[in-house]
Amino acid sequence: MEHLLLLIFPAAMVLAAVLDIGTLTIPNRLTGALALAFVPAALFMGMGWGELGLHLAVGAGVLLIGMALFAGGYMGGGDAKLMAAAALWIEWQSLAAFALTAALAGAVLGVSLWLFRSFPLPVFLAQQGWVMRLHDKDEGIPYAVALCAGALLVFPETRWIALAV
């Protein structure tokens with residue numbers, strides 16, 4: 001059972017990235033489910049109430065930071081909520097590594113999209129709606145991809161893995 005619980009977080013992050021690539025949106029239901037799944041998963045894995053409270057406080061703090069970035073126009077609302085939900089699952093000790101890794105992945109993603117958007121699309125790709133959205137210079141960046149990369153690189157180093165072994 002512990003190993004199945006360990007799949008919740010990575011699977012949800014990958015799904016968010018795929019949906020963001022295809023639609024440039026992250027469904028609130030997905031982010032909400034990820035956040036809600038944290039508490040029972042943490043309790044089942046034997047996380048204490050103090051540690052659980054710390055995770056919730058970190059998640060709330062990251063949500064406030066995300067809201068500020070959204071208000072400033074630096075991040076989409078779905079990205080801010082996903083970042084906060086991910087912060088619940090990542091220990092506070094690993095939060096800086098998560099943020100740095102996601103930021104670096106975001107830089108690579110941004111440059112890649114800039115290059116992709118600099119050239120005309122081949123006809124067979126121009127017929128795909130999701131490719132056209134990604135190619136549109138007026139559209140945003142599917143930042144869930146960067147958040148997913150950061151999460152997947154940092155998650156194996158968290159206490160979750162130790163709790164499952």
# chains A, B, ... in the order shown; residues from 1 in each chain; ligands from 1
$ residues_around --residues "Gly150 in chain A" --least-positions-apart "4" --cutoff "7 Å" --atoms "only C-alpha atoms" --output "list in words"
Phe98, Thr101, Ala102, Ala146 and Val154 of chain A
$ select_by_dssp --residues "chain A" --states "alpha helix (DSSP H)" --output "PyMOL selection string"
chain A and resi 2-23+28-44+49-71+77-89+95-118+123-126+129-135+144-154+159-164
$ residues_around --residues "Trp130 in chain A" --least-positions-apart "2" --cutoff "7 Å" --atoms "only C-alpha atoms" --output "PyMOL selection string"
chain A and resi 22-23+128+132-134
$ closest_residue --among "A:Leu121, A:Leu34, A:Ala149, A:Leu115" --to "Leu5 in chain A" --atoms "only C-alpha atoms"
A:Leu34
$ closest_residue --among "A:Asp20, A:Arg29, A:Gln127, A:Leu147" --to "Ala87 in chain A" --atoms "only C-alpha atoms"
A:Leu147
$ residues_around --residues "Thr158 in chain A" --least-positions-apart "5" --cutoff "10 Å" --atoms "only C-alpha atoms" --output "list in words"
Trp89, Ile90, Glu91, Trp92, Gln93, Ser94 and Leu163 of chain A
$ residues_around --residues "range 72-82 of chain A" --least-positions-apart "6" --cutoff "7 Å" --atoms "only C-alpha atoms" --output "PyMOL selection string"
chain A and resi 25-26+31+63+66+143-144
$ write_last_selection --atoms "N, CA, C and O atoms" --output "mmCIF file, in the first residue's frame"
data_model
loop_
_atom_site.group_PDB
_atom_site.id
_atom_site.type_symbol
_atom_site.label_atom_id
_atom_site.label_comp_id
_atom_site.auth_asym_id
_atom_site.auth_seq_id
_atom_site.Cartn_x
_atom_site.Cartn_y
_atom_site.Cartn_z
ATOM 1 N N THR A 25 -3.939 24.883 -19.310
ATOM 2 C CA THR A 25 -4.657 25.026 -18.038
ATOM 3 C C THR A 25 -4.358 23.814 -17.163
ATOM 4 O O THR A 25 -4.048 22.737 -17.663
ATOM 5 N N ILE A 26 -4.470 24.024 -15.870
ATOM 6 C CA ILE A 26 -4.338 22.951 -14.889
ATOM 7 C C ILE A 26 -5.666 22.910 -14.144
ATOM 8 O O ILE A 26 -6.026 23.885 -13.475
ATOM 9 N N THR A 31 -5.490 19.786 -8.875
ATOM 10 C CA THR A 31 -4.687 20.414 -7.825
ATOM 11 C C THR A 31 -5.325 20.213 -6.465
ATOM 12 O O THR A 31 -4.641 19.899 -5.484
ATOM 13 N N LEU A 63 1.563 28.930 -1.200
ATOM 14 C CA LEU A 63 0.366 29.444 -1.859
ATOM 15 C C LEU A 63 0.345 30.972 -1.821
ATOM 16 O O LEU A 63 0.015 31.620 -2.829
ATOM 17 N N GLY A 66 2.804 32.165 -4.332
ATOM 18 C CA GLY A 66 2.230 31.961 -5.664
ATOM 19 C C GLY A 66 1.162 32.990 -5.993
ATOM 20 O O GLY A 66 1.080 33.473 -7.125
ATOM 21 N N TYR A 143 3.794 26.076 -17.389
ATOM 22 C CA TYR A 143 4.796 25.982 -16.326
ATOM 23 C C TYR A 143 4.646 24.736 -15.460
ATOM 24 O O TYR A 143 5.561 24.384 -14.717
ATOM 25 N N ALA A 144 3.518 24.033 -15.590
ATOM 26 C CA ALA A 144 3.381 22.770 -14.855
ATOM 27 C C ALA A 144 4.461 21.793 -15.278
ATOM 28 O O ALA A 144 4.862 20.925 -14.495
#
$ atom_distance --atom1 "CA of Leu153 in chain A" --atom2 "CA of Gly50 in chain A"
25.8 Å
$ residues_around --residues "Ser118 in chain A" --least-positions-apart "3" --cutoff "9 Å" --atoms "only C-alpha atoms" --output "PyMOL selection string"
chain A and resi 113-115+135+137
$ write_last_selection --atoms "C-alpha atoms" --output "PDB file, in the first residue's frame"
ATOM      1  CA  LEU A 113       9.187  27.695 -26.393  1.00  0.00           C
ATOM      2  CA  TRP A 114      10.719  30.956 -27.583  1.00  0.00           C
ATOM      3  CA  LEU A 115      12.710  29.028 -30.195  1.00  0.00           C
ATOM      4  CA  HIS A 135       3.106  28.005 -30.836  1.00  0.00           C
ATOM      5  CA  LYS A 137       3.394  33.938 -28.992  1.00  0.00           C
TER       6      LYS A 137
END
$ closest_residue --among "A:Ile65, A:Phe116, A:Gly59, A:Glu139" --to "Leu88 in chain A" --atoms "only C-alpha atoms"
A:Gly59
$ closest_residue --among "A:Ala17, A:Ile161, A:Ala151, A:Ala85" --to "His55 in chain A" --atoms "only C-alpha atoms"
A:Ala85
$ closest_residue --among "A:Leu24, A:Val145, A:Met47, A:Ala11" --to "Ala105 in chain A" --atoms "only C-alpha atoms"
A:Val145
$ atom_distance --atom1 "CA of Asn28 in chain A" --atom2 "CA of Gly140 in chain A"
17.8 Å
$ atom_distance --atom1 "CA of Leu36 in chain A" --atom2 "CA of Phe155 in chain A"
18.0 Å
$ closest_residue --among "A:Leu64, A:Met45, A:Leu15, A:Cys148" --to "Ala103 in chain A" --atoms "only C-alpha atoms"
A:Cys148
$ residues_around --residues "Ala42 in chain A" --least-positions-apart "6" --cutoff "9 Å" --atoms "only C-alpha atoms" --output "ChimeraX atom specification"
/A:48,52,89,160
